[in-house]
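*Asks:* I have a structure I would like to understand better, so I am pasting it below and will then ask my questions one at a time.
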Amino acid sequence: MNRDPLASGVTTDLLDVLIVGAGWSGMYMLHRCRELGLRARVLEAAPSVGGAWYWNRYPGLRCDVESYEYSYSFDQSLQREWVWSERFPSQPEILAYANHVADRYDLRRDIEFEARVNAACFRDDECVWEVTASRIGTRRARFLVMATGALSIPKKTDIPGLDDFGGTLIHTADWPSEPVDFTGKRVGVIGTGSTGVQVIPVIAETARQLHVFQRTPSYSVPAHNRPLTEEDRTRTLERYDEIRHIQRTSAIGTLAKPVAKSAFDLDDAARRELYDAKYGKGLAFELMVAFEDMLINEEANRTAQEYLASRIRERVKDPAVADILIPKEQFVGTRRICLDTGYYETYNRDNVTLKDVVRDPIRRITREGVELASGHIDLDTLVLATGFDAMTGALLAMDIRGTGGVRLRERWSQGPRSLLGLAIHGFPNLFTITGPGSPAVFSNMFVSIEQHVEWIADCLAFMQQHGHSRIEAGEAAQEAWVGHVSEVANATLFPRDKHSWYLGANVPGKPRVFMPYVAGVGVYREYCTNVAKQGYPGFEFA
Ligand code: N01
């Protein structure tokens, strides 16, 4: 048998594992497969590694998790040698880290770049996945791992006339690699989620005029970003093992943990002092889970809502503008709290205007700009920070067919169904990393990704040891897990945020199913570990 299908140009050769995506998940999966002695390759649509951090390169982008916590933990020497320069790392530094990892483990030789997977079909008779990608054609493998990311497909923007716009149109998730010059330009930004909150202050610095079109305001906390000192680094390295342990057993994969059972265990003054301490240090996640009942009890949550609203009023000079920026009837934490650098202060600038497009809707995009109900705004550049088709978008963008040719799009027509967010009934030998039904987007993604990759690698090793060639999520176990995911969510405030992308509500026509598992990454990890320890009950082997 030819050992290298790429070198020979032979596409019928059989790989052990084919991995789709060369972000954090795909790179680590490849590394683990090699350790198991498996022949694995990665197909990646981009010309380089990094996943979301490759495509999203808008100015102002930085991670909302602290750098030493947002990195791989699987290799002590890797985590000790890489020196992060800032508390919250910027996109260029994160991308440099991704490239460092790719070089350090010599990953590129098994990654085929500019190969966007369009289709994947399971051949029952051979127990093989046949995968088709742009530029390279077909690849075949025994196992298929979807490392396609939870926020990798930009949402199609449903505003009429977008194609008519005659100026420069940019989506933040497809930002040009050359710098975009806003100097002297009339710029519009649609969208005020985590992305909008980061890009708006930077554009405002050079644009002649910036118009922000806001439909739903976000809660945001100032990052208090700063360069890291040698002392910071030494302190982190000294307790790195403890930090990693806390992350893995925590609620959201960070050091944040509740200080009390209920927000009402503290009196008003003590609670305000606590919120001040978190807000004053850029600890958005700690604020979000400050109390055990924060995401369960409406009244507890209201204390944080009122606190953050008061902070917006302090930071924005014009009370009418502040009022537009304060979320109404929106819980704190049922959407990830944003981390900003000068976001609210941007609205104190003379060259920035805020349009509330709920009261004054966007009628359409024209050749010259944006037509609101109240009149037309001329623009040279329009930036869309309108979000993603989250969690299912990347999977359903491909034509994935399982046993008997069944399509994933059909199976998920009423919403995603998956066992542990890792495997799908009817799609044998296919694994998803951070899929719907796992904590994924409701966590520090690095912690979730490493746990999933390690679980999949252990499962592949188990199959090798036991001579199994086929694994499939059992239907009953899958349905029980789906039920459990929604039962856990229904006991919280999450599903009551009816417009959230966690529920698929941002994409017209997408089924409204609450997708992440919100019992906590520690609880979830324990569950998955026990499944493995018990010989994978709920999974069927052949
Ligand atoms: O996307 P979003 P995002 N007309 O969906 C608005 C991660 N992330 O890219 O809510 C007008 O949150 C939409 O309004 P509405 C992080 O997990 C992390 O900002 O649909 N407005 C909303 O305001 C985050 O949660 C980092 O009413 C329209 C905005 O666009 C996730 O990515 C940085 C509209 C979209 O907000 C997604 O964040 C960036 C329309 N037709 C992202 N359509 C960090 O690590 C949409 N909107 C810091």
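We label chains A, B, ... in the order they appear in the structure tokens, count residues from 1 in each chain, and number ligands from 1 in the order shown.
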For range 354-369 of chain A, find every residue with an atom within 6 Å (counting only C-alpha atoms), except residues of its own chain fewer than 3 positions away, and show them as a PyMOL selection string.
*Replies:* chain A and resi 160-162+164-166+211-215+372-373+377-379
*Asks:* Now that the selection is made, can you save its residues with C-alpha atoms as a PDB file, in the first residue's frame?
*Replies:*
ATOM      1  CA  PRO A 160     -32.218  43.956   2.224  1.00  0.00           C
ATOM      2  CA  GLY A 161     -30.004  45.652  -0.323  1.00  0.00           C
ATOM      3  CA  LEU A 162     -26.654  44.558   1.070  1.00  0.00           C
ATOM      4  CA  ASP A 164     -26.259  47.184  -3.632  1.00  0.00           C
ATOM      5  CA  PHE A 165     -23.752  48.907  -1.367  1.00  0.00           C
ATOM      6  CA  GLY A 166     -21.228  50.795  -3.496  1.00  0.00           C
ATOM      7  CA  HIS A 211     -22.408  55.471  12.948  1.00  0.00           C
ATOM      8  CA  VAL A 212     -23.151  52.480  15.161  1.00  0.00           C
ATOM      9  CA  PHE A 213     -26.368  50.618  14.352  1.00  0.00           C
ATOM     10  CA  GLN A 214     -27.459  48.799  17.505  1.00  0.00           C
ATOM     11  CA  ARG A 215     -30.333  46.335  17.712  1.00  0.00           C
ATOM     12  CA  LEU A 372     -33.253  54.167   8.284  1.00  0.00           C
ATOM     13  CA  ALA A 373     -36.932  54.859   8.901  1.00  0.00           C
ATOM     14  CA  ILE A 377     -26.999  57.956   6.246  1.00  0.00           C
ATOM     15  CA  ASP A 378     -24.200  58.191   3.670  1.00  0.00           C
ATOM     16  CA  LEU A 379     -21.288  55.825   4.220  1.00  0.00           C
TER      17      LEU A 379
END
*Asks:* Find the residues near ligand 1. Use a cut-off of 8 Å, count only C-alpha atoms and all ligand atoms, and write them as a PyMOL selection string.
*Replies:* chain A and resi 61-65+151+155+157-159+172-173+190-198+213-218+335-339+357+362+384-388+441-442+499-501+505-506
*Asks:* Could you give me, as a ChimeraX atom specification, each residue of range 58-191 of chain A that DSSP assigns to alpha helix (DSSP H) when run on this structure's backbone?
*Replies:* /A:76-81,91-104
*Asks:* Return the single residue from A:Val17, A:Phe541, A:Ala491, A:Leu295 that is closest to His466 in chain A, with distances computed using only C-alpha atoms.
*Replies:*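 Answer, going by the shortest atom-to-atom distance: A:Phe541.
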*Asks:* Residues within 7 Å of range 311-325 of chain A, please, as JSON, numbers by chain. Count only C-alpha atoms; anything in the same chain fewer than 4 positions from it doesn't count.
*Replies:* {"A": [217, 307, 344, 345, 347, 348, 356]}
*Asks:* Taking 4 positions as the minimum chain separation for residues in the same chain, which residues sit within 7 Å of Pro222 in chain A when counting only C-alpha atoms? Answer as a PyMOL selection string.
*Replies:* chain A and resi 282+339-341
*Asks:* I need the residues of range 167-368 of chain A that end up classed as strand (DSSP E or B) by DSSP on the backbone, written out as a PyMOL selection string.
*Replies:* chain A and resi 168-171+183+186-190+207+209-214+220-222+227+260+291+338-340+352-356+362-365
